[in-house]
Structures are given as C-alpha cells and as structure tokens.
>>> print(open('run_35.cif').read())   # mmCIF, C-alpha atoms
data_work
#
loop_
_atom_site.label_atom_id
_atom_site.label_comp_id
_atom_site.auth_asym_id
_atom_site.auth_seq_id
_atom_site.Cartn_x
_atom_site.Cartn_y
_atom_site.Cartn_z
CA MET A 1 18.77 -80.04 125.38
CA SER A 2 19.83 -77.25 123.02
CA ASP A 3 19.54 -79.59 119.99
CA GLN A 4 15.95 -80.52 120.92
CA ASN A 5 14.98 -76.87 121.34
CA ALA A 6 16.51 -76.05 117.97
CA ALA A 7 14.65 -78.84 116.19
CA ALA A 8 11.20 -78.04 117.63
CA PRO A 9 10.59 -74.72 115.78
CA GLU A 10 11.29 -76.46 112.47
CA THR A 11 8.04 -78.45 112.68
CA ALA A 12 5.84 -76.26 114.89
CA ALA A 13 6.85 -72.63 114.28
CA PRO A 14 4.23 -70.71 112.29
CA ASP A 15 5.17 -68.73 109.20
CA ALA A 16 4.11 -65.18 108.30
CA SER A 17 0.54 -66.31 107.66
CA GLY A 18 0.26 -67.87 111.13
CA LEU A 19 0.19 -71.47 109.87
CA THR A 20 2.65 -74.21 110.77
CA LYS A 21 4.34 -76.34 108.13
CA ARG A 22 2.11 -79.26 109.04
CA GLN A 23 -1.02 -77.16 108.53
CA ILE A 24 0.26 -75.88 105.19
CA LYS A 25 1.00 -79.44 104.09
CA ARG A 26 -2.54 -80.54 105.00
CA MET A 27 -4.00 -77.57 103.10
CA LYS A 28 -2.00 -78.49 100.01
CA ARG A 29 -3.26 -82.06 100.32
CA PHE A 30 -6.87 -80.90 100.37
CA ASP A 31 -6.30 -78.44 97.50
CA ASN A 32 -5.29 -81.38 95.31
CA PRO A 33 -8.41 -83.56 94.87
CA TRP A 34 -6.33 -86.59 93.85
CA ARG A 35 -4.62 -86.55 97.27
CA ASN A 36 -7.78 -86.34 99.36
CA PRO A 37 -7.95 -89.67 101.24
CA LYS A 38 -11.76 -89.93 101.26
CA LEU A 39 -11.92 -89.26 97.54
CA ILE A 40 -9.18 -91.78 96.80
CA TRP A 41 -10.73 -94.54 98.93
CA GLY A 42 -14.21 -93.92 97.55
CA ALA A 43 -13.02 -93.94 93.95
CA GLY A 44 -10.98 -97.07 94.67
CA LEU A 45 -14.04 -98.93 95.96
CA LEU A 46 -16.12 -98.04 92.92
CA LEU A 47 -13.28 -98.83 90.53
CA GLY A 48 -12.98 -102.20 92.27
CA ILE A 49 -16.63 -102.94 91.45
CA VAL A 50 -16.09 -101.87 87.84
CA ALA A 51 -12.96 -104.04 87.67
CA LEU A 52 -14.98 -106.95 89.06
CA GLY A 53 -17.35 -106.66 86.13
CA ILE A 54 -14.62 -106.24 83.49
CA LEU A 55 -11.97 -108.67 84.68
CA GLY A 56 -14.51 -111.15 86.02
CA ARG A 57 -15.98 -111.65 82.55
CA ILE A 58 -12.48 -112.43 81.27
CA PHE A 59 -11.33 -114.84 83.97
CA TRP A 60 -14.64 -116.41 85.02
CA ASP A 61 -17.42 -118.19 83.17
CA THR A 62 -20.36 -115.79 83.45
CA ASP A 63 -22.64 -118.12 81.50
CA MET A 64 -23.25 -119.79 84.86
CA VAL A 65 -25.73 -117.01 85.70
CA PHE A 66 -28.25 -118.58 83.33
CA THR A 67 -27.86 -122.30 83.98
CA GLY A 68 -27.18 -124.40 87.03
CA SER A 69 -23.61 -125.61 86.87
CA GLY A 70 -23.09 -127.02 90.36
CA MET A 71 -24.75 -128.75 93.27
CA PRO A 72 -27.75 -126.80 94.63
CA ARG A 73 -27.23 -124.92 97.92
CA GLN A 74 -23.47 -125.45 97.81
CA ALA A 75 -21.65 -123.36 100.45
CA PRO A 76 -18.60 -121.19 99.69
CA ALA A 77 -15.23 -122.93 99.36
CA GLY A 78 -14.07 -124.50 102.62
CA ILE A 79 -17.42 -124.02 104.41
CA GLU A 80 -19.99 -126.70 105.23
CA ASN A 81 -23.65 -126.26 104.43
CA MET A 82 -26.57 -127.66 106.44
CA ARG A 83 -26.15 -131.07 104.81
CA GLY A 84 -22.48 -131.30 105.84
CA GLN A 85 -21.18 -130.79 102.30
CA VAL A 86 -18.01 -128.71 101.99
CA GLY A 87 -17.90 -126.08 99.26
CA SER A 88 -15.38 -126.39 96.44
CA TRP A 89 -13.27 -123.85 94.56
CA ALA A 90 -15.26 -124.60 91.43
CA HIS A 91 -17.86 -122.27 93.01
CA PRO A 92 -15.87 -120.18 95.52
CA LEU A 93 -18.90 -118.18 96.72
CA GLY A 94 -21.35 -121.07 96.59
CA THR A 95 -24.49 -121.68 94.57
CA ASP A 96 -28.21 -121.01 94.87
CA VAL A 97 -31.07 -123.52 94.97
CA THR A 98 -30.82 -124.13 91.21
CA GLY A 99 -27.03 -124.51 91.18
CA LYS A 100 -26.26 -121.08 89.69
CA ASP A 101 -22.84 -119.72 90.61
CA ILE A 102 -23.03 -116.82 93.08
CA LEU A 103 -19.71 -115.33 91.93
CA ALA A 104 -20.93 -115.21 88.35
CA LEU A 105 -24.15 -113.51 89.51
CA LEU A 106 -22.10 -110.85 91.35
CA ILE A 107 -19.74 -110.29 88.41
CA VAL A 108 -22.70 -109.55 86.14
CA GLY A 109 -25.09 -108.04 88.68
CA ALA A 110 -22.88 -105.48 90.48
CA PRO A 111 -21.94 -103.44 87.37
CA ASN A 112 -25.56 -103.58 86.21
CA SER A 113 -26.76 -102.05 89.47
CA LEU A 114 -24.10 -99.34 89.25
CA PHE A 115 -24.99 -98.73 85.60
CA VAL A 116 -28.63 -98.05 86.46
CA GLY A 117 -27.63 -95.55 89.16
CA VAL A 118 -25.11 -93.70 86.99
CA LEU A 119 -27.36 -93.52 83.92
CA ALA A 120 -30.38 -92.34 85.92
CA SER A 121 -28.24 -89.70 87.63
CA LEU A 122 -26.77 -88.49 84.31
CA ILE A 123 -30.24 -88.06 82.80
CA GLY A 124 -31.59 -86.41 85.94
CA MET A 125 -28.58 -84.07 86.18
CA SER A 126 -28.95 -83.05 82.51
CA ILE A 127 -32.59 -82.15 83.10
CA GLY A 128 -31.71 -80.39 86.36
CA ILE A 129 -28.93 -78.31 84.77
CA PHE A 130 -31.19 -77.12 81.95
CA LEU A 131 -34.18 -76.33 84.17
CA GLY A 132 -32.10 -74.84 86.99
CA PHE A 133 -30.29 -72.43 84.67
CA SER A 134 -33.51 -71.53 82.90
CA ALA A 135 -35.29 -70.78 86.18
CA GLY A 136 -32.44 -68.90 87.83
CA PHE A 137 -31.15 -66.90 84.88
CA ILE A 138 -34.28 -66.16 82.86
CA GLY A 139 -36.60 -65.76 85.84
CA GLY A 140 -40.17 -64.52 85.52
CA ARG A 141 -42.89 -66.99 84.60
CA VAL A 142 -40.31 -69.55 83.55
CA ASP A 143 -38.92 -69.52 87.08
CA ASP A 144 -42.40 -69.79 88.58
CA VAL A 145 -43.39 -72.80 86.46
CA ILE A 146 -40.12 -74.69 87.05
CA ARG A 147 -40.04 -73.91 90.76
CA VAL A 148 -43.64 -75.01 91.35
CA SER A 149 -43.16 -78.14 89.22
CA SER A 150 -40.07 -79.20 91.17
CA ASP A 151 -41.82 -78.51 94.48
CA VAL A 152 -44.78 -80.65 93.43
CA MET A 153 -42.64 -83.51 92.08
CA ILE A 154 -40.44 -83.64 95.17
CA THR A 155 -43.50 -84.39 97.33
CA ILE A 156 -44.51 -87.43 95.23
CA PRO A 157 -43.13 -90.76 96.55
CA PRO A 158 -41.19 -92.12 93.56
CA LEU A 159 -41.10 -95.74 94.72
CA LEU A 160 -44.90 -95.95 94.85
CA ILE A 161 -45.30 -94.56 91.32
CA LEU A 162 -42.58 -96.81 89.93
CA VAL A 163 -44.11 -99.88 91.60
CA VAL A 164 -47.47 -99.18 89.95
CA PHE A 165 -45.87 -98.46 86.55
CA GLN A 166 -43.61 -101.49 86.46
CA ALA A 167 -46.31 -103.80 87.81
CA ALA A 168 -48.50 -102.68 84.91
CA TYR A 169 -45.90 -103.00 82.16
CA GLY A 170 -44.03 -106.08 83.45
CA ASP A 171 -40.49 -106.85 82.34
CA ILE A 172 -38.38 -103.86 81.31
CA SER A 173 -34.73 -103.30 80.40
CA LEU A 174 -32.05 -101.67 82.55
CA THR A 175 -32.11 -98.56 80.34
CA ILE A 176 -35.86 -98.09 80.65
CA MET A 177 -35.60 -98.57 84.39
CA ALA A 178 -32.90 -95.88 84.59
CA VAL A 179 -35.03 -93.48 82.53
CA LEU A 180 -38.03 -94.03 84.81
CA ILE A 181 -35.93 -93.40 87.92
CA ALA A 182 -34.43 -90.27 86.31
CA CYS A 183 -37.92 -88.78 86.15
CA PHE A 184 -37.81 -88.53 89.95
CA VAL A 185 -34.21 -87.40 90.60
CA TRP A 186 -34.08 -84.12 88.65
CA GLN A 187 -35.79 -81.99 91.30
CA SER A 188 -32.87 -81.74 93.72
CA PRO A 189 -30.23 -80.57 91.18
CA THR A 190 -32.79 -78.18 89.68
CA ARG A 191 -33.39 -76.48 93.04
CA LEU A 192 -29.67 -76.44 93.86
CA ILE A 193 -28.60 -74.94 90.53
CA ARG A 194 -31.45 -72.41 90.56
CA ALA A 195 -30.37 -71.15 93.99
CA GLN A 196 -26.73 -70.85 92.91
CA VAL A 197 -27.57 -69.12 89.64
CA LEU A 198 -29.78 -66.59 91.44
CA SER A 199 -26.80 -65.62 93.62
CA MET A 200 -24.35 -65.55 90.69
CA ARG A 201 -26.27 -63.74 87.96
CA GLU A 202 -25.65 -60.30 89.50
CA SER A 203 -21.91 -60.89 89.97
CA GLY A 204 -19.33 -58.75 88.20
CA TYR A 205 -18.12 -61.22 85.61
CA VAL A 206 -21.69 -61.99 84.51
CA GLN A 207 -22.42 -58.27 84.10
CA MET A 208 -19.23 -57.85 82.07
CA ALA A 209 -20.24 -60.74 79.82
CA ARG A 210 -23.62 -59.09 79.26
CA LEU A 211 -22.02 -55.76 78.42
CA SER A 212 -19.69 -57.47 75.95
CA GLY A 213 -22.71 -58.78 74.03
CA ALA A 214 -22.42 -62.46 75.00
CA SER A 215 -25.50 -64.57 74.37
CA THR A 216 -27.58 -66.05 77.17
CA GLY A 217 -26.36 -69.56 76.40
CA HIS A 218 -22.73 -68.42 76.46
CA ILE A 219 -23.16 -66.73 79.82
CA MET A 220 -24.96 -69.70 81.38
CA PHE A 221 -22.81 -72.55 80.10
CA ARG A 222 -19.42 -70.90 79.51
CA GLU A 223 -19.24 -68.34 82.31
CA MET A 224 -21.41 -69.67 85.15
CA LEU A 225 -21.39 -73.45 84.70
CA PRO A 226 -17.65 -73.95 85.44
CA ASN A 227 -18.13 -72.28 88.84
CA LEU A 228 -20.83 -74.80 89.70
CA VAL A 229 -18.75 -77.91 89.01
CA PRO A 230 -18.20 -78.82 92.73
CA TYR A 231 -21.93 -78.54 93.41
CA LEU A 232 -22.75 -80.56 90.30
CA PHE A 233 -20.38 -83.38 91.27
CA GLY A 234 -21.83 -83.55 94.78
CA SER A 235 -25.40 -83.57 93.47
CA PHE A 236 -24.48 -86.22 90.88
CA ILE A 237 -23.04 -88.59 93.51
CA ALA A 238 -26.09 -88.09 95.74
CA ASN A 239 -28.39 -88.87 92.81
CA VAL A 240 -26.43 -92.03 91.97
CA THR A 241 -26.97 -93.26 95.53
CA THR A 242 -30.68 -92.43 95.43
CA SER A 243 -31.09 -94.12 92.06
CA ILE A 244 -29.37 -97.32 93.18
CA VAL A 245 -31.47 -97.48 96.35
CA THR A 246 -34.65 -96.99 94.31
CA ALA A 247 -33.63 -99.63 91.76
CA VAL A 248 -32.71 -102.16 94.46
CA GLY A 249 -35.99 -101.47 96.25
CA LEU A 250 -37.95 -102.24 93.09
CA GLU A 251 -35.93 -105.36 92.36
CA VAL A 252 -36.31 -106.72 95.89
CA LEU A 253 -40.08 -106.38 95.40
CA GLY A 254 -39.77 -108.56 92.29
CA LEU A 255 -40.12 -105.70 89.77
CA GLY A 256 -37.63 -104.35 87.28
CA PRO A 257 -35.63 -106.44 84.79
CA GLN A 258 -36.53 -110.13 85.02
CA ARG A 259 -33.86 -111.65 82.78
CA VAL A 260 -30.87 -109.43 83.61
CA PRO A 261 -28.96 -110.22 86.84
CA THR A 262 -28.62 -107.33 89.30
CA LEU A 263 -27.78 -107.25 92.99
CA GLY A 264 -31.37 -106.47 93.88
CA ARG A 265 -32.61 -109.34 91.73
CA VAL A 266 -30.20 -111.76 93.43
CA ILE A 267 -31.47 -110.70 96.85
CA TYR A 268 -35.09 -111.05 95.68
CA ASP A 269 -34.46 -114.58 94.41
CA ALA A 270 -32.80 -115.48 97.70
CA ILE A 271 -35.68 -114.18 99.82
CA ASN A 272 -38.32 -115.68 97.51
CA SER A 273 -36.62 -119.10 97.69
CA GLY A 274 -36.42 -119.14 101.49
CA ALA A 275 -32.67 -118.53 101.79
CA LEU A 276 -33.15 -116.94 105.22
CA ILE A 277 -34.94 -120.00 106.58
CA GLN A 278 -32.52 -122.47 105.00
CA ASN A 279 -29.47 -120.56 106.28
CA LEU A 280 -28.14 -119.92 102.78
CA TRP A 281 -26.46 -116.74 104.04
CA TRP A 282 -23.99 -116.52 101.15
CA TRP A 283 -26.82 -116.16 98.65
CA TRP A 284 -28.20 -112.91 100.10
CA GLY A 285 -25.38 -111.81 102.44
CA ILE A 286 -22.58 -111.36 99.91
CA PRO A 287 -24.69 -109.20 97.51
CA THR A 288 -25.79 -107.11 100.50
CA VAL A 289 -22.16 -106.54 101.52
CA LEU A 290 -21.29 -105.58 97.95
CA LEU A 291 -24.13 -103.03 97.95
CA ALA A 292 -22.82 -101.64 101.24
CA VAL A 293 -19.33 -101.29 99.72
CA MET A 294 -20.87 -99.44 96.77
CA PHE A 295 -22.73 -97.01 99.05
CA ILE A 296 -19.66 -96.45 101.24
CA GLY A 297 -17.62 -95.65 98.14
CA LEU A 298 -20.20 -93.11 96.95
CA LEU A 299 -20.37 -91.57 100.43
CA LEU A 300 -16.59 -91.21 100.64
CA ILE A 301 -16.46 -89.57 97.21
CA ASN A 302 -19.18 -87.13 98.26
CA LEU A 303 -17.36 -86.27 101.49
CA GLY A 304 -14.06 -85.90 99.64
CA LEU A 305 -15.57 -83.54 97.08
CA ASP A 306 -17.07 -81.47 99.91
CA GLU A 307 -13.68 -81.15 101.60
CA VAL A 308 -11.98 -80.19 98.34
CA SER A 309 -14.54 -77.56 97.35
CA ASN A 310 -15.49 -76.17 100.79
CA PRO A 311 -12.60 -74.65 102.81
CA ARG A 312 -14.72 -74.61 105.97
CA LEU A 313 -14.70 -78.41 106.03
CA ARG A 314 -10.90 -78.67 105.96
CA ARG A 315 -9.50 -79.59 109.35
CA LEU A 316 -5.99 -78.31 109.83
#
>>> encode(input="run_35.cif", output="structure tokens")
Amino acid sequence: MSDQNAAAPETAAPDASGLTKRQIKRMKRFDNPWRNPKLIWGAGLLLGIVALGILGRIFWDTDMVFTGSGMPRQAPAGIENMRGQVGSWAHPLGTDVTGKDILALLIVGAPNSLFVGVLASLIGMSIGIFLGFSAGFIGGRVDDVIRVSSDVMITIPPLLILVVFQAAYGDISLTIMAVLIACFVWQSPTRLIRAQVLSMRESGYVQMARLSGASTGHIMFREMLPNLVPYLFGSFIANVTTSIVTAVGLEVLGLGPQRVPTLGRVIYDAINSGALIQNLWWWWGIPTVLLAVMFIGLLLINLGLDEVSNPRLRRL
C-alpha cells in the first residue's frame, strides 16, 4: 500500500505552476508543431497524394490515360462486373467505358487537382497580403477602397461567374483555371490581414520601428508579417480547400481543362457516360474517396495549426 501511495504523486502531483507532468508533456507536444497529431496526419495524407503522383508515374504506365488499354467496363482486380467478368491486376482499379485505366487517371488527376488549389491559393494569398497590409497600415482612402471592394467581391457567387466565363472561352489550361479561381479567393485573407494589422499598428514594437526611421515596407513585411504567420497558414489552407471545391464543381459541370485529367474531370466523364446506371462504381467512387481524403487532410492541417497557434484550443 505504501509503495502505491508513493508512486501516485510522481504522475499526478502538480508542480509550482499548478500543472501535472502529464499536462506539461501535452503542452510541450502542442508547442512543437511537428508533434501535433492532427498536423502530422493531415500532412501525411497530402504527402501521400503527392507521392501517388510522383511514384505512380515511375512505376505505372500513365500513357493509359489517353488510350484504351484494356477491356471496357472492367471491374477492379478480384471483383466481378455486371457481365460476370473478373477484374485483373493489369488494371487493379478497373477501366472506364473506353478501356482507360482508372489507376492511371488517378495518378495523373489527383496531383493536378491539388495543383490547381495550391496555385490559386498562393495567388489569392499574395493579393490578400498586399491589399490587407495596404488597407490596415496606410488607412484613409486606400483602406476605404480596398474594404469596399472586398465587401462587394465577397457577395458575388464565384461559381456562376466562372461558369459563364469558361463556357464562353472553352478549353483552358490548369494554370489559367487557377488564376481565374484566385480572382475570387483574395477577399477573405485581405479582410483577415486588415483586421490584424489594424490591431497591431499601434503596438510598441511598431512605434519603435517608426521612431528608428524604418520605412513603411520594412515595418509591414519585416516587423508585422512574421507575427501573422499562423493566421496566414490557416487562411492559405482554407483557400486551398475552397479552390479545389470550385475547380471540381466546374469540372463536374463539364467545364475547365478538357485534355488534362483531373479528379473532377474523371467524375464528369463517369456521370456523362452513365456510370451510375451501369453500376460502374469504381469509375466515380474511387475519385470521390480520393477527394474526401484530400479534404480531410486539409482540415486536419487547419485544425493542427489552430491548436499550435492558439493556446485556448489546447486541451490539457
């Protein structure tokens, strides 16, 4: 009995700060972003998709996305289709109605979808950082113009405008599609950064930088910007998710790149060819699952960054 009583305080007794060793250990885990479980799992899921695109091109014949290389409507390996034919390992995830390999479509299409989201978010974040700092730090008429412009743009439905634009101009590249989407994802980071800059510009270190003769650009991008990194990362991840959803929405409607495989394009081809009626579930189901994995990874990264940067979200 005495040994048990002596061992208990070692794990549960609080220290001078009132925290137990277990609580201190959990705080240290959250203070190190590389040890945050949500951040690690989210980054692992996205890295898995990137690895699929890199390693898949090395170990699999991705030319099968352009030409039919197998029997049409072939089920995944070991599964029978409606005609009683068992899928083979030559096409482990099956084929579509033209005999194109589904695995090859995913290897090429998944990184393309992620590329559009990341590029659109990078462009939108760059615009948002510049406009947000200009509005919050300079103020005056500059602030009024930027604030009103962002308020007006945020009320415009981007999908409707993009549908009209892409229907008018036809086939476009992945880069052009990302640029078009970026025109509708800069408002949120602009408003976020403006609000943060307004609360930071009267702080002590900013006033000291002004008194020392530092230029406006130095104060904004060397003094204030590093303190906004957690907010920028969170806004960037949210914009990637929004951009991917917008791109997939356009592609499912039959717009966007016509000759470049993406996950949205694969789903559009499946729906347009009657895959739902013909029970070709692997044609549209596997790309949908891969999109879900992508969104879960982005969500976990966003939650992990919030826990790392916001002490109020840390559960001891």
>>> residues_near_point(input="run_35.cif", point="(-16.6, -67.9, 77.1)", cutoff="12 Å", atoms="only C-alpha atoms", output="JSON, numbers by chain")
{"A": [205, 206, 208, 209, 210, 212, 213, 214, 215, 216, 217, 218, 219, 220, 221, 222, 223, 224, 225, 226]}
>>> write_last_selection(input="run_35.cif", atoms="C-alpha atoms", output="PDB file, in the frame of the given file")
ATOM      1  CA  TYR A 205     -18.120 -61.220  85.610  1.00  0.00           C
ATOM      2  CA  VAL A 206     -21.690 -61.990  84.510  1.00  0.00           C
ATOM      3  CA  MET A 208     -19.230 -57.850  82.070  1.00  0.00           C
ATOM      4  CA  ALA A 209     -20.240 -60.740  79.820  1.00  0.00           C
ATOM      5  CA  ARG A 210     -23.620 -59.090  79.260  1.00  0.00           C
ATOM      6  CA  SER A 212     -19.690 -57.470  75.950  1.00  0.00           C
ATOM      7  CA  GLY A 213     -22.710 -58.780  74.030  1.00  0.00           C
ATOM      8  CA  ALA A 214     -22.420 -62.460  75.000  1.00  0.00           C
ATOM      9  CA  SER A 215     -25.500 -64.570  74.370  1.00  0.00           C
ATOM     10  CA  THR A 216     -27.580 -66.050  77.170  1.00  0.00           C
ATOM     11  CA  GLY A 217     -26.360 -69.560  76.400  1.00  0.00           C
ATOM     12  CA  HIS A 218     -22.730 -68.420  76.460  1.00  0.00           C
ATOM     13  CA  ILE A 219     -23.160 -66.730  79.820  1.00  0.00           C
ATOM     14  CA  MET A 220     -24.960 -69.700  81.380  1.00  0.00           C
ATOM     15  CA  PHE A 221     -22.810 -72.550  80.100  1.00  0.00           C
ATOM     16  CA  ARG A 222     -19.420 -70.900  79.510  1.00  0.00           C
ATOM     17  CA  GLU A 223     -19.240 -68.340  82.310  1.00  0.00           C
ATOM     18  CA  MET A 224     -21.410 -69.670  85.150  1.00  0.00           C
ATOM     19  CA  LEU A 225     -21.390 -73.450  84.700  1.00  0.00           C
ATOM     20  CA  PRO A 226     -17.650 -73.950  85.440  1.00  0.00           C
TER      21      PRO A 226
END
>>> atom_distance(input="run_35.cif", atom1="atom CA of Val197 of chain A", atom2="atom CA of Gly139 of chain A")
10.4 Å
>>> resolve_selection(input="run_35.cif", expression="the PyMOL selection byres ((chain A and resi 266) around 12)", output="PyMOL selection string")
chain A and resi 65+95-97+100-110+112-113+248+251-254+257-265+267-273+275+282-288+290-291
>>> closest_residue(input="run_35.cif", among="A:Leu305, A:Ala120, A:Val289, A:Leu232", to="Thr175 of chain A", atoms="all atoms listed in the file")
A:Ala120
>>> atom_distance(input="run_35.cif", atom1="atom CA of Trp281 of chain A", atom2="atom CA of Pro76 of chain A")
10.0 Å
>>> resolve_selection(input="run_35.cif", expression="the PyMOL selection byres ((chain A and resi 181) around 10)", output="list in words")
Val116, Gly117, Leu119, Ala120, Ser121, Ile123, Gly124, Pro158, Leu159, Leu162, Thr175, Ile176, Met177, Ala178, Val179, Leu180, Ala182, Cys183, Phe184, Val185, Trp186, Thr242, Ser243, Ile244, Thr246 and Ala247 of chain A
>>> residues_around(input="run_35.cif", residues="Leu250 of chain A", least_positions_apart="5", cutoff="7 Å", atoms="only C-alpha atoms", output="PyMOL selection string")
chain A and resi 163+255-256
>>> atom_distance(input="run_35.cif", atom1="atom CA of Leu131 of chain A", atom2="atom CA of Asn302 of chain A")
23.2 Å
>>> closest_residue(input="run_35.cif", among="A:Leu46, A:Ala168, A:Leu276, A:Ile40", to="Leu114 of chain A", atoms="all atoms listed in the file")
A:Leu46
>>> residues_near_point(input="run_35.cif", point="(-30.1, -133.6, 99.8)", cutoff="12 Å", atoms="only C-alpha atoms", output="list in words")
Met71, Pro72, Arg73, Gln74, Asn81, Met82, Arg83, Gly84, Gln85 and Val97 of chain A
>>> resolve_selection(input="run_35.cif", expression="the PyMOL selection byres ((chain A and resi 153-155) around 8)", output="JSON, numbers by chain")
{"A": [149, 150, 151, 152, 156, 157, 184, 187, 188]}
>>> closest_residue(input="run_35.cif", among="A:Met64, A:Pro111, A:Leu198, A:Met125", to="Phe137 of chain A", atoms="only C-alpha atoms")
A:Leu198
>>> build_atoms(input="run_35.cif", residues="segment 156-165 of chain A", atoms="all heavy atoms", output="compact mmCIF listing (two decimals), in the coordinates of the input")
# COMPACT_ATOMS: atom_id res chain seq x y z
N ILE A 156 -43.94 -86.16 95.69
CA ILE A 156 -44.51 -87.43 95.23
C ILE A 156 -43.55 -88.56 95.57
O ILE A 156 -42.38 -88.50 95.21
CB ILE A 156 -44.78 -87.39 93.71
CG1 ILE A 156 -45.77 -86.28 93.37
CG2 ILE A 156 -45.28 -88.74 93.22
CD1 ILE A 156 -46.01 -86.11 91.89
N PRO A 157 -44.02 -89.62 96.25
CA PRO A 157 -43.13 -90.76 96.55
C PRO A 157 -42.79 -91.52 95.28
O PRO A 157 -43.67 -92.15 94.67
CB PRO A 157 -43.96 -91.61 97.52
CG PRO A 157 -45.37 -91.22 97.26
CD PRO A 157 -45.36 -89.80 96.81
N PRO A 158 -41.53 -91.49 94.85
CA PRO A 158 -41.19 -92.12 93.56
C PRO A 158 -41.35 -93.63 93.57
O PRO A 158 -41.75 -94.21 92.56
CB PRO A 158 -39.72 -91.70 93.36
CG PRO A 158 -39.20 -91.42 94.73
CD PRO A 158 -40.36 -90.88 95.49
N LEU A 159 -41.04 -94.27 94.69
CA LEU A 159 -41.10 -95.74 94.72
C LEU A 159 -42.52 -96.23 94.47
O LEU A 159 -42.72 -97.22 93.76
CB LEU A 159 -40.57 -96.25 96.06
CG LEU A 159 -40.38 -97.77 96.17
CD1 LEU A 159 -39.38 -98.25 95.13
CD2 LEU A 159 -39.92 -98.16 97.56
N LEU A 160 -43.50 -95.53 95.04
CA LEU A 160 -44.90 -95.95 94.85
C LEU A 160 -45.31 -95.84 93.39
O LEU A 160 -45.93 -96.76 92.83
CB LEU A 160 -45.81 -95.09 95.72
CG LEU A 160 -47.32 -95.36 95.61
CD1 LEU A 160 -47.63 -96.79 96.02
CD2 LEU A 160 -48.10 -94.37 96.45
N ILE A 161 -44.94 -94.74 92.73
CA ILE A 161 -45.30 -94.56 91.32
C ILE A 161 -44.61 -95.59 90.45
O ILE A 161 -45.20 -96.17 89.53
CB ILE A 161 -44.94 -93.14 90.87
CG1 ILE A 161 -45.65 -92.09 91.75
CG2 ILE A 161 -45.29 -92.93 89.40
CD1 ILE A 161 -47.15 -92.17 91.71
N LEU A 162 -43.33 -95.85 90.73
CA LEU A 162 -42.58 -96.81 89.93
C LEU A 162 -43.10 -98.23 90.13
O LEU A 162 -43.09 -99.04 89.19
CB LEU A 162 -41.10 -96.73 90.29
CG LEU A 162 -40.38 -95.44 89.87
CD1 LEU A 162 -38.97 -95.40 90.44
CD2 LEU A 162 -40.34 -95.31 88.36
N VAL A 163 -43.53 -98.55 91.35
CA VAL A 163 -44.11 -99.88 91.60
C VAL A 163 -45.36 -100.07 90.75
O VAL A 163 -45.55 -101.12 90.11
CB VAL A 163 -44.42 -100.05 93.10
CG1 VAL A 163 -45.33 -101.23 93.32
CG2 VAL A 163 -43.13 -100.25 93.88
N VAL A 164 -46.23 -99.08 90.73
CA VAL A 164 -47.47 -99.18 89.95
C VAL A 164 -47.15 -99.29 88.46
O VAL A 164 -47.73 -100.11 87.73
CB VAL A 164 -48.37 -97.96 90.22
CG1 VAL A 164 -49.59 -97.97 89.30
CG2 VAL A 164 -48.80 -97.94 91.69
N PHE A 165 -46.21 -98.47 87.98
CA PHE A 165 -45.87 -98.46 86.55
C PHE A 165 -45.28 -99.80 86.12
O PHE A 165 -45.70 -100.39 85.13
CB PHE A 165 -44.90 -97.32 86.26
CG PHE A 165 -44.51 -97.22 84.81
CD1 PHE A 165 -45.27 -96.45 83.95
CD2 PHE A 165 -43.40 -97.90 84.31
CE1 PHE A 165 -44.93 -96.35 82.60
CE2 PHE A 165 -43.06 -97.81 82.97
CZ PHE A 165 -43.82 -97.03 82.12
